[in-house]
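Source file: protein.cif (mmCIF, C-alpha atoms)
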```cif
data_final
#
loop_
_atom_site.label_atom_id
_atom_site.label_comp_id
_atom_site.auth_asym_id
_atom_site.auth_seq_id
_atom_site.Cartn_x
_atom_site.Cartn_y
_atom_site.Cartn_z
CA MET A 1 39.62 -37.79 74.90
CA HIS A 2 40.25 -36.04 71.61
CA ARG A 3 38.01 -33.18 70.67
CA VAL A 4 36.09 -33.55 67.41
CA LYS A 5 38.02 -31.81 64.66
CA VAL A 6 36.36 -28.60 63.57
CA ARG A 7 35.83 -28.54 59.82
CA VAL A 8 36.53 -25.17 58.24
CA VAL A 9 34.74 -24.36 55.03
CA GLU A 10 37.06 -22.07 53.18
CA ASP A 11 35.91 -22.12 49.60
CA ALA A 12 32.24 -21.39 49.95
CA LEU A 13 30.75 -20.35 46.63
CA ASP A 14 28.80 -17.16 46.29
CA ALA A 15 25.04 -17.62 45.91
CA ASN A 16 25.13 -17.41 42.12
CA ASN A 17 27.80 -20.08 41.78
CA THR A 18 26.08 -22.33 44.31
CA ILE A 19 22.90 -22.22 42.23
CA ALA A 20 24.88 -22.62 38.99
CA ALA A 21 26.33 -25.84 40.43
CA ALA A 22 22.82 -27.07 41.24
CA ASN A 23 21.73 -26.31 37.67
CA ARG A 24 24.81 -28.16 36.40
CA ALA A 25 23.89 -31.23 38.43
CA ASP A 26 20.39 -31.22 36.91
CA PHE A 27 21.78 -30.86 33.39
CA ASP A 28 24.21 -33.73 34.02
CA ARG A 29 21.43 -35.98 35.29
CA ASP A 30 19.72 -35.64 31.91
CA ASN A 31 22.95 -35.65 29.86
CA VAL A 32 22.23 -32.21 28.46
CA THR A 33 25.03 -30.02 27.15
CA VAL A 34 24.36 -26.34 27.79
CA LEU A 35 25.57 -23.35 25.80
CA ASN A 36 25.26 -19.78 27.13
CA LEU A 37 24.90 -17.57 24.03
CA MET A 38 25.56 -13.87 24.46
CA SER A 39 25.74 -10.73 22.31
CA ALA A 40 24.75 -7.08 22.03
CA PRO A 41 21.10 -6.34 21.16
CA GLY A 42 20.33 -7.10 17.52
CA ALA A 43 23.53 -9.03 16.72
CA GLY A 44 21.45 -11.89 15.35
CA LYS A 45 21.47 -14.62 18.03
CA THR A 46 17.90 -15.73 17.38
CA THR A 47 18.25 -15.80 13.60
CA LEU A 48 21.40 -17.93 13.95
CA LEU A 49 19.51 -20.37 16.18
CA VAL A 50 16.47 -20.45 13.87
CA GLU A 51 18.79 -21.42 10.99
CA ALA A 52 21.12 -23.78 12.87
CA LEU A 53 19.11 -25.74 15.45
CA PRO A 54 16.47 -27.47 13.29
CA ASN A 55 19.22 -28.93 11.07
CA LEU A 56 21.64 -30.43 13.60
CA GLU A 57 22.54 -34.04 12.95
CA GLY A 58 21.60 -36.38 15.78
CA VAL A 59 21.22 -33.54 18.29
CA ARG A 60 17.89 -32.67 19.87
CA ALA A 61 18.25 -28.96 20.65
CA GLY A 62 16.09 -26.67 22.77
CA VAL A 63 16.31 -23.04 23.81
CA LEU A 64 15.82 -21.03 26.98
CA GLU A 65 15.08 -17.56 25.67
CA GLY A 66 16.10 -14.66 27.92
CA ASP A 67 14.61 -11.21 27.30
CA VAL A 68 13.72 -8.19 29.36
CA ALA A 69 10.21 -8.26 27.89
CA GLY A 70 8.12 -10.05 25.29
CA SER A 71 8.37 -13.41 23.57
CA LEU A 72 9.14 -12.38 19.98
CA ASP A 73 12.30 -14.51 19.76
CA ALA A 74 10.69 -17.53 21.40
CA ASP A 75 7.83 -17.32 18.91
CA ARG A 76 10.29 -17.43 16.01
CA LEU A 77 11.95 -20.56 17.41
CA ALA A 78 8.60 -22.22 18.09
CA ASP A 79 7.69 -21.59 14.45
CA VAL A 80 10.57 -23.87 13.37
CA HIS A 81 9.60 -26.53 15.93
CA VAL A 82 12.44 -25.92 18.39
CA PRO A 83 11.32 -26.57 21.99
CA VAL A 84 11.60 -23.17 23.67
CA THR A 85 10.86 -21.62 27.05
CA GLN A 86 10.65 -17.85 27.51
CA LEU A 87 12.28 -16.26 30.57
CA ASN A 88 11.49 -12.55 31.04
CA THR A 89 13.62 -10.55 33.47
CA ASP A 90 11.06 -7.77 33.97
CA GLN A 91 8.58 -9.99 35.80
CA GLY A 92 9.85 -10.77 39.26
CA PHE A 93 13.50 -10.12 38.40
CA GLY A 94 13.49 -6.29 38.34
CA GLY A 95 14.17 -5.92 34.61
CA GLU A 96 17.69 -7.35 34.94
CA CYS A 97 20.09 -6.81 32.03
CA HIS A 98 21.41 -10.40 32.16
CA LEU A 99 20.44 -13.91 33.18
CA ASP A 100 21.86 -15.34 36.39
CA ALA A 101 21.86 -18.87 37.78
CA ASN A 102 18.76 -18.28 39.88
CA MET A 103 16.67 -17.07 36.95
CA VAL A 104 17.76 -20.08 34.91
CA ARG A 105 16.94 -22.35 37.86
CA SER A 106 13.43 -20.90 38.03
CA ALA A 107 12.93 -21.95 34.40
CA LEU A 108 14.19 -25.54 34.76
CA PRO A 109 10.78 -27.07 35.58
CA SER A 110 9.47 -25.63 32.27
CA LEU A 111 12.26 -27.22 30.22
CA PRO A 112 11.93 -30.72 28.69
CA LEU A 113 15.50 -31.61 29.73
CA SER A 114 15.06 -35.37 29.37
CA GLU A 115 14.17 -34.85 25.69
CA LEU A 116 17.19 -32.66 24.86
CA ASP A 117 20.85 -33.22 24.02
CA LEU A 118 21.67 -29.53 23.75
CA LEU A 119 20.15 -26.55 25.53
CA VAL A 120 21.05 -23.09 24.26
CA ILE A 121 20.45 -20.33 26.78
CA GLU A 122 19.99 -17.16 24.75
CA ASN A 123 21.01 -14.42 27.15
CA VAL A 124 19.68 -10.85 27.30
CA GLY A 125 21.30 -8.65 24.64
CA ASN A 126 24.15 -6.94 26.51
CA LEU A 127 27.96 -7.00 26.19
CA VAL A 128 28.70 -6.40 29.88
CA CYS A 129 26.88 -8.20 32.70
CA PRO A 130 25.95 -11.55 31.08
CA ALA A 131 29.68 -12.41 31.08
CA GLU A 132 29.79 -12.03 34.88
CA PHE A 133 27.22 -14.70 35.78
CA ARG A 134 27.75 -18.44 35.25
CA VAL A 135 24.45 -20.27 34.98
CA GLY A 136 25.66 -23.88 34.97
CA GLU A 137 26.62 -23.98 31.30
CA ASP A 138 29.26 -26.19 29.60
CA ALA A 139 30.41 -23.47 27.24
CA ARG A 140 29.87 -19.85 26.37
CA ALA A 141 29.76 -18.36 22.88
CA MET A 142 29.20 -14.78 21.80
CA VAL A 143 27.97 -13.20 18.61
CA SER A 144 29.45 -9.94 17.35
CA SER A 145 27.93 -8.31 14.28
CA VAL A 146 30.14 -6.63 11.69
CA THR A 147 27.77 -3.64 11.89
CA GLU A 148 28.96 -2.97 15.46
CA GLY A 149 32.50 -2.03 14.42
CA GLU A 150 35.86 -3.74 14.82
CA ASP A 151 36.68 -2.03 18.14
CA LYS A 152 34.25 -4.08 20.25
CA PRO A 153 36.83 -6.55 21.74
CA LEU A 154 38.74 -3.55 23.12
CA LYS A 155 35.64 -1.89 24.57
CA TYR A 156 34.04 -5.00 26.11
CA PRO A 157 37.06 -7.21 26.87
CA LEU A 158 35.47 -9.34 29.60
CA MET A 159 32.74 -10.56 27.23
CA PHE A 160 35.22 -11.52 24.51
CA ARG A 161 37.46 -13.21 27.10
CA ALA A 162 34.61 -15.15 28.73
CA CYS A 163 33.65 -17.25 25.72
CA GLU A 164 34.93 -20.37 23.96
CA LEU A 165 33.72 -19.26 20.52
CA VAL A 166 33.29 -15.87 18.84
CA ILE A 167 30.80 -15.79 15.97
CA LEU A 168 31.27 -12.81 13.67
CA ASN A 169 27.83 -12.45 12.11
CA LYS A 170 26.24 -10.54 9.19
CA VAL A 171 29.36 -10.88 7.00
CA ASP A 172 27.05 -10.52 3.96
CA LEU A 173 26.99 -6.78 4.81
CA LEU A 174 30.80 -6.38 4.62
CA PRO A 175 30.75 -4.88 1.08
CA HIS A 176 28.58 -2.04 2.41
CA LEU A 177 30.60 -1.29 5.57
CA ASP A 178 34.03 0.09 6.50
CA PHE A 179 34.53 -2.93 8.81
CA ASP A 180 38.04 -4.42 8.62
CA VAL A 181 37.87 -8.13 9.50
CA GLU A 182 41.64 -8.42 10.00
CA LYS A 183 41.58 -5.51 12.45
CA PHE A 184 38.71 -7.12 14.39
CA LEU A 185 40.60 -10.43 14.60
CA TYR A 186 43.75 -8.59 15.66
CA HIS A 187 41.87 -6.88 18.52
CA LEU A 188 40.17 -10.18 19.41
CA ASP A 189 43.52 -11.93 19.59
CA GLY A 190 44.75 -9.13 21.84
CA VAL A 191 42.06 -9.69 24.49
CA HIS A 192 41.56 -13.48 24.05
CA PRO A 193 44.57 -15.07 22.33
CA GLY A 194 43.70 -18.16 20.29
CA VAL A 195 39.94 -18.16 20.85
CA PRO A 196 38.19 -19.95 17.95
CA HIS A 197 36.06 -17.78 15.68
CA LEU A 198 33.64 -18.25 12.79
CA LEU A 199 32.68 -15.80 10.04
CA VAL A 200 28.97 -16.31 9.49
CA SER A 201 25.92 -14.95 7.74
CA ALA A 202 22.63 -16.36 8.95
CA ARG A 203 21.06 -14.69 5.93
CA THR A 204 23.17 -16.19 3.12
CA GLY A 205 24.15 -19.37 4.98
CA GLU A 206 27.88 -18.59 4.80
CA GLY A 207 29.69 -20.31 7.66
CA MET A 208 26.53 -21.97 8.96
CA ASP A 209 27.81 -25.51 8.31
CA GLU A 210 30.83 -24.73 10.48
CA LEU A 211 28.55 -23.41 13.22
CA ARG A 212 26.42 -26.56 13.07
CA ASP A 213 29.60 -28.68 13.28
CA TRP A 214 30.72 -26.76 16.33
CA LEU A 215 27.33 -27.22 18.03
CA GLU A 216 27.25 -30.95 17.19
CA LYS A 217 30.74 -31.44 18.62
CA LEU A 218 29.80 -29.51 21.74
CA ALA A 219 26.66 -31.65 22.23
CA SER A 220 28.65 -34.88 21.81
CA ARG A 221 30.73 -33.99 24.88
CA ALA A 222 27.89 -34.92 27.22
CA GLY A 223 27.52 -38.29 25.53
CA ALA A 224 31.11 -39.24 26.32
CA PRO A 225 31.63 -41.42 29.40
CA ALA A 226 32.53 -39.28 32.41
CA MET B 1 4.02 26.75 75.66
CA HIS B 2 3.73 25.23 72.24
CA ARG B 3 6.06 22.44 71.36
CA VAL B 4 8.28 22.98 68.36
CA LYS B 5 6.68 21.37 65.32
CA VAL B 6 8.49 18.25 64.25
CA ARG B 7 9.39 18.37 60.57
CA VAL B 8 8.87 15.10 58.76
CA VAL B 9 10.95 14.44 55.67
CA GLU B 10 8.79 12.25 53.50
CA ASP B 11 10.24 12.54 50.04
CA ALA B 12 13.89 11.70 50.61
CA LEU B 13 15.59 10.87 47.33
CA ASP B 14 17.54 7.68 46.88
CA ALA B 15 21.32 8.15 46.79
CA ASN B 16 21.51 8.23 43.00
CA ASN B 17 18.87 10.93 42.67
CA THR B 18 20.42 12.96 45.50
CA ILE B 19 23.72 13.00 43.64
CA ALA B 20 21.98 13.66 40.31
CA ALA B 21 20.42 16.76 41.88
CA ALA B 22 23.87 17.91 43.04
CA ASN B 23 25.19 17.43 39.49
CA ARG B 24 22.19 19.36 38.17
CA ALA B 25 22.97 22.27 40.49
CA ASP B 26 26.57 22.37 39.22
CA PHE B 27 25.43 22.28 35.59
CA ASP B 28 22.95 25.12 36.28
CA ARG B 29 25.63 27.25 37.92
CA ASP B 30 27.57 27.15 34.64
CA ASN B 31 24.49 27.34 32.38
CA VAL B 32 25.34 24.01 30.77
CA THR B 33 22.64 21.94 29.10
CA VAL B 34 23.28 18.22 29.51
CA LEU B 35 22.20 15.40 27.20
CA ASN B 36 22.43 11.75 28.28
CA LEU B 37 23.00 9.77 25.04
CA MET B 38 22.32 6.04 25.14
CA SER B 39 22.31 3.07 22.73
CA ALA B 40 23.31 -0.54 22.24
CA PRO B 41 27.03 -1.20 21.56
CA GLY B 42 28.02 -0.19 18.05
CA ALA B 43 24.89 1.80 17.21
CA GLY B 44 27.07 4.76 16.21
CA LYS B 45 26.83 7.27 19.08
CA THR B 46 30.44 8.42 18.76
CA THR B 47 30.35 8.79 14.98
CA LEU B 48 27.20 10.89 15.27
CA LEU B 49 28.92 13.15 17.82
CA VAL B 50 32.10 13.39 15.74
CA GLU B 51 29.98 14.59 12.79
CA ALA B 52 27.53 16.81 14.68
CA LEU B 53 29.33 18.56 17.54
CA PRO B 54 32.12 20.44 15.71
CA ASN B 55 29.53 22.09 13.42
CA LEU B 56 26.95 23.39 15.88
CA GLU B 57 26.08 27.05 15.46
CA GLY B 58 26.82 29.15 18.52
CA VAL B 59 27.03 26.13 20.82
CA ARG B 60 30.26 25.13 22.55
CA ALA B 61 29.85 21.37 23.02
CA GLY B 62 31.86 18.92 25.10
CA VAL B 63 31.57 15.20 25.83
CA LEU B 64 31.84 12.97 28.87
CA GLU B 65 32.68 9.61 27.35
CA GLY B 66 31.53 6.53 29.27
CA ASP B 67 33.06 3.15 28.50
CA VAL B 68 33.81 -0.03 30.38
CA ALA B 69 37.42 0.14 29.17
CA GLY B 70 39.67 2.11 26.85
CA SER B 71 39.53 5.61 25.40
CA LEU B 72 39.00 4.86 21.69
CA ASP B 73 35.87 7.01 21.41
CA ALA B 74 37.34 9.89 23.41
CA ASP B 75 40.38 9.86 21.11
CA ARG B 76 38.13 10.21 18.05
CA LEU B 77 36.37 13.22 19.58
CA ALA B 78 39.65 14.83 20.62
CA ASP B 79 40.80 14.46 17.00
CA VAL B 80 38.01 16.83 15.90
CA HIS B 81 38.80 19.26 18.75
CA VAL B 82 35.80 18.49 20.94
CA PRO B 83 36.67 18.86 24.65
CA VAL B 84 36.28 15.35 26.04
CA THR B 85 36.79 13.53 29.33
CA GLN B 86 36.96 9.73 29.50
CA LEU B 87 35.16 7.90 32.32
CA ASN B 88 35.90 4.18 32.53
CA THR B 89 33.62 2.00 34.64
CA ASP B 90 36.12 -0.80 35.10
CA GLN B 91 38.48 1.25 37.26
CA GLY B 92 36.97 1.76 40.69
CA PHE B 93 33.38 1.19 39.54
CA GLY B 94 33.40 -2.62 39.17
CA GLY B 95 32.99 -2.72 35.39
CA GLU B 96 29.48 -1.29 35.58
CA CYS B 97 27.27 -1.59 32.49
CA HIS B 98 25.95 1.98 32.81
CA LEU B 99 26.83 5.40 34.16
CA ASP B 100 25.18 6.59 37.35
CA ALA B 101 25.08 10.00 39.01
CA ASN B 102 28.02 9.24 41.28
CA MET B 103 30.31 8.25 38.41
CA VAL B 104 29.36 11.41 36.54
CA ARG B 105 29.97 13.45 39.70
CA SER B 106 33.46 11.99 40.02
CA ALA B 107 34.21 13.30 36.52
CA LEU B 108 32.92 16.86 37.07
CA PRO B 109 36.26 18.30 38.23
CA SER B 110 37.79 17.11 34.93
CA LEU B 111 35.16 18.87 32.82
CA PRO B 112 35.58 22.48 31.59
CA LEU B 113 31.94 23.29 32.44
CA SER B 114 32.41 27.07 32.39
CA GLU B 115 33.55 26.84 28.76
CA LEU B 116 30.60 24.74 27.57
CA ASP B 117 27.00 25.36 26.52
CA LEU B 118 26.20 21.70 25.91
CA LEU B 119 27.62 18.60 27.56
CA VAL B 120 26.81 15.25 25.95
CA ILE B 121 27.24 12.29 28.29
CA GLU B 122 27.84 9.29 26.05
CA ASN B 123 26.66 6.38 28.16
CA VAL B 124 27.99 2.80 28.12
CA GLY B 125 26.57 0.81 25.18
CA ASN B 126 23.60 -1.02 26.73
CA LEU B 127 19.82 -0.92 26.15
CA VAL B 128 18.83 -1.81 29.72
CA CYS B 129 20.44 -0.24 32.80
CA PRO B 130 21.48 3.22 31.50
CA ALA B 131 17.76 4.09 31.31
CA GLU B 132 17.39 3.42 35.05
CA PHE B 133 19.87 6.01 36.33
CA ARG B 134 19.37 9.77 36.07
CA VAL B 135 22.69 11.61 36.17
CA GLY B 136 21.47 15.23 36.36
CA GLU B 137 20.76 15.63 32.64
CA ASP B 138 18.24 17.95 30.95
CA ALA B 139 17.27 15.43 28.32
CA ARG B 140 17.88 11.87 27.19
CA ALA B 141 18.22 10.66 23.63
CA MET B 142 18.88 7.17 22.30
CA VAL B 143 20.33 5.83 19.10
CA SER B 144 18.95 2.68 17.49
CA SER B 145 20.67 1.30 14.41
CA VAL B 146 18.65 -0.17 11.55
CA THR B 147 21.01 -3.18 11.69
CA GLU B 148 19.58 -4.12 15.11
CA GLY B 149 16.12 -4.96 13.76
CA GLU B 150 12.74 -3.26 14.05
CA ASP B 151 11.69 -5.23 17.16
CA LYS B 152 13.95 -3.35 19.59
CA PRO B 153 11.30 -1.01 21.08
CA LEU B 154 9.28 -4.09 22.09
CA LYS B 155 12.29 -5.86 23.61
CA TYR B 156 13.78 -2.90 25.50
CA PRO B 157 10.69 -0.76 26.21
CA LEU B 158 12.11 1.15 29.21
CA MET B 159 14.98 2.56 27.13
CA PHE B 160 12.69 3.73 24.34
CA ARG B 161 10.29 5.23 26.88
CA ALA B 162 13.00 7.02 28.85
CA CYS B 163 14.16 9.35 26.10
CA GLU B 164 12.99 12.59 24.51
CA LEU B 165 14.44 11.76 21.08
CA VAL B 166 15.00 8.51 19.18
CA ILE B 167 17.69 8.64 16.48
CA LEU B 168 17.38 5.83 13.94
CA ASN B 169 20.93 5.60 12.58
CA LYS B 170 22.71 3.92 9.64
CA VAL B 171 19.76 4.44 7.28
CA ASP B 172 22.27 4.30 4.39
CA LEU B 173 22.27 0.51 4.95
CA LEU B 174 18.49 0.13 4.45
CA PRO B 175 18.78 -1.08 0.81
CA HIS B 176 20.87 -4.02 2.07
CA LEU B 177 18.64 -5.02 5.01
CA ASP B 178 15.16 -6.43 5.60
CA PHE B 179 14.48 -3.63 8.08
CA ASP B 180 10.99 -2.11 7.79
CA VAL B 181 11.09 1.54 8.97
CA GLU B 182 7.29 1.79 9.22
CA LYS B 183 7.20 -1.29 11.45
CA PHE B 184 9.92 0.15 13.70
CA LEU B 185 8.01 3.43 14.03
CA TYR B 186 4.79 1.53 14.72
CA HIS B 187 6.48 -0.41 17.55
CA LEU B 188 8.11 2.80 18.82
CA ASP B 189 4.74 4.56 18.92
CA GLY B 190 3.38 1.58 20.84
CA VAL B 191 5.87 1.94 23.70
CA HIS B 192 6.38 5.74 23.60
CA PRO B 193 3.52 7.47 21.79
CA GLY B 194 4.51 10.70 20.07
CA VAL B 195 8.24 10.65 20.89
CA PRO B 196 10.16 12.64 18.26
CA HIS B 197 12.46 10.64 15.99
CA LEU B 198 15.06 11.34 13.32
CA LEU B 199 16.22 9.11 10.45
CA VAL B 200 19.95 9.65 10.22
CA SER B 201 23.12 8.42 8.55
CA ALA B 202 26.32 9.73 10.10
CA ARG B 203 28.09 8.28 7.06
CA THR B 204 26.18 10.01 4.25
CA GLY B 205 25.06 13.03 6.28
CA GLU B 206 21.36 12.29 5.79
CA GLY B 207 19.34 13.78 8.65
CA MET B 208 22.41 15.33 10.29
CA ASP B 209 21.15 18.91 9.83
CA GLU B 210 18.00 17.98 11.71
CA LEU B 211 20.09 16.43 14.49
CA ARG B 212 22.21 19.59 14.74
CA ASP B 213 19.03 21.69 14.89
CA TRP B 214 17.70 19.54 17.70
CA LEU B 215 20.97 19.87 19.66
CA GLU B 216 21.09 23.64 19.12
CA LYS B 217 17.52 24.05 20.33
CA LEU B 218 18.25 21.87 23.35
CA ALA B 219 21.34 23.94 24.23
CA SER B 220 19.37 27.20 23.93
CA ARG B 221 17.10 26.08 26.78
CA ALA B 222 19.77 26.83 29.39
CA GLY B 223 20.24 30.34 28.00
CA ALA B 224 16.63 31.26 28.69
CA PRO B 225 15.96 33.18 31.91
CA ALA B 226 14.83 30.82 34.67
#
```
Show me, as structure tokens, the structure contained in the file I just sent.
Amino acid sequence: MHRVKVRVVEDALDANNTIAAANRADFDRDNVTVLNLMSAPGAGKTTLLVEALPNLEGVRAGVLEGDVAGSLDADRLADVHVPVTQLNTDQGFGGECHLDANMVRSALPSLPLSELDLLVIENVGNLVCPAEFRVGEDARAMVSSVTEGEDKPLKYPLMFRACELVILNKVDLLPHLDFDVEKFLYHLDGVHPGVPHLLVSARTGEGMDELRDWLEKLASRAGAPA
Amino acid sequence: MHRVKVRVVEDALDANNTIAAANRADFDRDNVTVLNLMSAPGAGKTTLLVEALPNLEGVRAGVLEGDVAGSLDADRLADVHVPVTQLNTDQGFGGECHLDANMVRSALPSLPLSELDLLVIENVGNLVCPAEFRVGEDARAMVSSVTEGEDKPLKYPLMFRACELVILNKVDLLPHLDFDVEKFLYHLDGVHPGVPHLLVSARTGEGMDELRDWLEKLASRAGAPA
């Protein structure tokens, strides 16, 4: 008699990635494309979403809003009729400086997934840890504000490497700053060669059509036959 | 015969605070006052130090520069002849998003403590975790830039509560922003009633004399007899 072959599991995922895969399966079931949006505090993520999401063509967009405390950003999105769920990391999650797959999973029952084509997960404002935790997203984008200086790709390389799109925001302030766009793009290319980027001002609308195009194309991915 | 009384240790410190106390003892031995300086990425900590530290009256100031990667900020301080040591969190510290007491301790042998009156520890740019780790400092200050929006005290309350001084930087940009200083100060007072604040522009020099005064007064603390 032959012994039963012992199966060896060699590529077990860590807990975060296991839960991220479970989130991914839930998103797939409802055909929802998910974007993990990251930036430093005050780079303008929420304002970009307030301007972009209500005007997407043929894309029903919702937001999972991650913050340490409060619901200021969620309130702003609700004001423009974007379905939004607030996830605070200081209640039950120890004031974490990032979202992880488990926190996102805890919010899934509060999200109207079946009514969405695109879910944007607005991460906690932080240029370090959010880049280390997958949450089940299709893509990651990050916002860098021209007021933060052109050295940021060199100082936070993992964040700039982790994303599929870099949005350089607040370009309306360039005349009042010493920020050198070419230098920023040179540093960006050094840490993440070829990554797409957009120059945007949520305030003047510059570059917002391109951002909407990008979001619409991203959302159409899920509609394609697998 | 009486039994020897058993001593019960009830207030053991956690590892971070134990090491912070050891750092503190080393700082005291050399009469060095230590400031832990925190902010979001790009709020202007280094520029403030480059402008303030070389011009302090009767205070020999040095910097421990914390970054995930690179030595850009340390290079800028070295250019103006401020003694500076770079501490990178991505080598041996797992790319941490903050400094803790152990990281600072590992840098002590590289610091010319006996030649300093004031050591500024420039933390990693992050509004969450740096506030959770004491490193043996005398005081904590944080920089908030007007470009980040006036809601930051509400969104990152622990950081604004943890410090003895709030420096509102880049006020030269106010004419070009929708930032409401009174609203910021109202929110600040809500989370940390009575905390001193300075309105500063490292670029135009506005408020820099007041910042130098504050640093000089802080450094004079260590000179006082214990």
Apply the PyMOL selection byres ((chain A) within 7 of (chain B)) to the structure shown and report the selected residues as a VMD selection string. chain A and resid 40 to 43 67 to 70 97 126 128 to 129 147 to 149 154 to 156
Selection: 9 Å around segment 197-200 of chain A, all atoms listed in the file, excl. self and same-chain fewer than 4 positions, as a PyMOL selection string: chain A and resi 48+164-172+185+204-208+210-211
I'd like the residues picked by the PyMOL selection byres ((chain A and resi 218) around 9) written out as a list in words, using the chain letters and numbers from the file. Thr33, Val34, Leu35, Leu118, Asp138, Ala139, Asp213, Trp214, Leu215, Glu216, Lys217, Ala219, Ser220, Arg221 and Ala222 of chain A
Residues as selected, C-alpha atoms, written as a PDB file, keeping the file's coordinate frame, can you do that?
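Result written to again.pdb:
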```pdb
ATOM      1  CA  THR A  33      25.030 -30.020  27.150  1.00  0.00           C
ATOM      2  CA  VAL A  34      24.360 -26.340  27.790  1.00  0.00           C
ATOM      3  CA  LEU A  35      25.570 -23.350  25.800  1.00  0.00           C
ATOM      4  CA  LEU A 118      21.670 -29.530  23.750  1.00  0.00           C
ATOM      5  CA  ASP A 138      29.260 -26.190  29.600  1.00  0.00           C
ATOM      6  CA  ALA A 139      30.410 -23.470  27.240  1.00  0.00           C
ATOM      7  CA  ASP A 213      29.600 -28.680  13.280  1.00  0.00           C
ATOM      8  CA  TRP A 214      30.720 -26.760  16.330  1.00  0.00           C
ATOM      9  CA  LEU A 215      27.330 -27.220  18.030  1.00  0.00           C
ATOM     10  CA  GLU A 216      27.250 -30.950  17.190  1.00  0.00           C
ATOM     11  CA  LYS A 217      30.740 -31.440  18.620  1.00  0.00           C
ATOM     12  CA  ALA A 219      26.660 -31.650  22.230  1.00  0.00           C
ATOM     13  CA  SER A 220      28.650 -34.880  21.810  1.00  0.00           C
ATOM     14  CA  ARG A 221      30.730 -33.990  24.880  1.00  0.00           C
ATOM     15  CA  ALA A 222      27.890 -34.920  27.220  1.00  0.00           C
TER      16      ALA A 222
END
```
Under the PyMOL selection byres ((chain B and resi 64) around 10), which residues of this model are included? Write them out as an mmCIF file with C-alpha atoms, in the coordinates of the input.
```
data_model
loop_
_atom_site.group_PDB
_atom_site.id
_atom_site.type_symbol
_atom_site.label_atom_id
_atom_site.label_comp_id
_atom_site.auth_asym_id
_atom_site.auth_seq_id
_atom_site.Cartn_x
_atom_site.Cartn_y
_atom_site.Cartn_z
ATOM 1 C CA ASN B 36 22.430 11.750 28.280
ATOM 2 C CA GLY B 62 31.860 18.920 25.100
ATOM 3 C CA VAL B 63 31.570 15.200 25.830
ATOM 4 C CA GLU B 65 32.680 9.610 27.350
ATOM 5 C CA GLY B 66 31.530 6.530 29.270
ATOM 6 C CA ASP B 67 33.060 3.150 28.500
ATOM 7 C CA ALA B 74 37.340 9.890 23.410
ATOM 8 C CA PRO B 83 36.670 18.860 24.650
ATOM 9 C CA VAL B 84 36.280 15.350 26.040
ATOM 10 C CA THR B 85 36.790 13.530 29.330
ATOM 11 C CA GLN B 86 36.960 9.730 29.500
ATOM 12 C CA LEU B 87 35.160 7.900 32.320
ATOM 13 C CA VAL B 104 29.360 11.410 36.540
ATOM 14 C CA ALA B 107 34.210 13.300 36.520
ATOM 15 C CA LEU B 108 32.920 16.860 37.070
ATOM 16 C CA SER B 110 37.790 17.110 34.930
ATOM 17 C CA LEU B 111 35.160 18.870 32.820
ATOM 18 C CA LEU B 119 27.620 18.600 27.560
ATOM 19 C CA VAL B 120 26.810 15.250 25.950
ATOM 20 C CA ILE B 121 27.240 12.290 28.290
ATOM 21 C CA GLU B 122 27.840 9.290 26.050
ATOM 22 C CA ASN B 123 26.660 6.380 28.160
#
```
Work out how far apart atom CA of Val191 of chain B and atom CA of Ala162 of chain B are and give it in Å to one decimal.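 Interatomic distance here is 10.2 Å.
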Dig up all the protein and nucleic acid residues within 9 Å of (28.0, -14.9, 36.8) in the file frame, using only C-alpha atoms, and format them as a count of residues only. 13
Neighbour list for Pro54 of chain A as an NGL selection string, cut-off 9 Å, all atoms listed in the file, skip fewer than 6 positions in-chain: :A and (60-61 or 80-82)
Given all atoms listed in the file as the counted atoms, nearest of B:Asp209, B:Asp30, B:Asp14, B:Asp189 to Pro112 of chain B: B:Asp30
Axis-aligned box over every listed atom of segment 34-43 of chain B, padded by 4 Å per side: centre and edges in Å to one decimal, as lines of an AutoDock Vina configuration file?
```
center_x = 25.1
center_y = 8.5
center_z = 23.4
size_x = 13.8
size_y = 27.4
size_z = 20.3
```
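Here the question is which of A:Ser106, A:Lys45, A:Ser114, A:Ala141 gets nearest to Ala22 of chain A using only C-alpha atoms, and that residue is A:Ser106.
Of note, atom CA of Ala202 of chain A and atom CA of Gly190 of chain B are spaced 28.9 Å apart.
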Atom CA of Gly136 of chain A to atom CA of Ala52 of chain A: how many Å, to one decimal? 22.6 Å
Final N, CA and C atoms of segment 95-99 of chain B as a PDB file, in the frame of the given file:
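Output (result.pdb):
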```
ATOM      1  N   GLY B  95      33.393  -2.324  36.742  1.00  0.00           N
ATOM      2  CA  GLY B  95      32.990  -2.720  35.390  1.00  0.00           C
ATOM      3  C   GLY B  95      31.517  -2.541  35.126  1.00  0.00           C
ATOM      4  N   GLU B  96      30.920  -1.494  35.712  1.00  0.00           N
ATOM      5  CA  GLU B  96      29.480  -1.290  35.580  1.00  0.00           C
ATOM      6  C   GLU B  96      29.051  -1.146  34.116  1.00  0.00           C
ATOM      7  N   CYS B  97      27.808  -1.565  33.849  1.00  0.00           N
ATOM      8  CA  CYS B  97      27.270  -1.590  32.490  1.00  0.00           C
ATOM      9  C   CYS B  97      26.521  -0.299  32.162  1.00  0.00           C
ATOM     10  N   HIS B  98      26.686   0.722  33.002  1.00  0.00           N
ATOM     11  CA  HIS B  98      25.950   1.980  32.810  1.00  0.00           C
ATOM     12  C   HIS B  98      26.688   3.064  33.584  1.00  0.00           C
ATOM     13  N   LEU B  99      26.354   4.304  33.307  1.00  0.00           N
ATOM     14  CA  LEU B  99      26.830   5.400  34.160  1.00  0.00           C
ATOM     15  C   LEU B  99      25.738   5.711  35.186  1.00  0.00           C
TER      16      LEU B  99
END
```
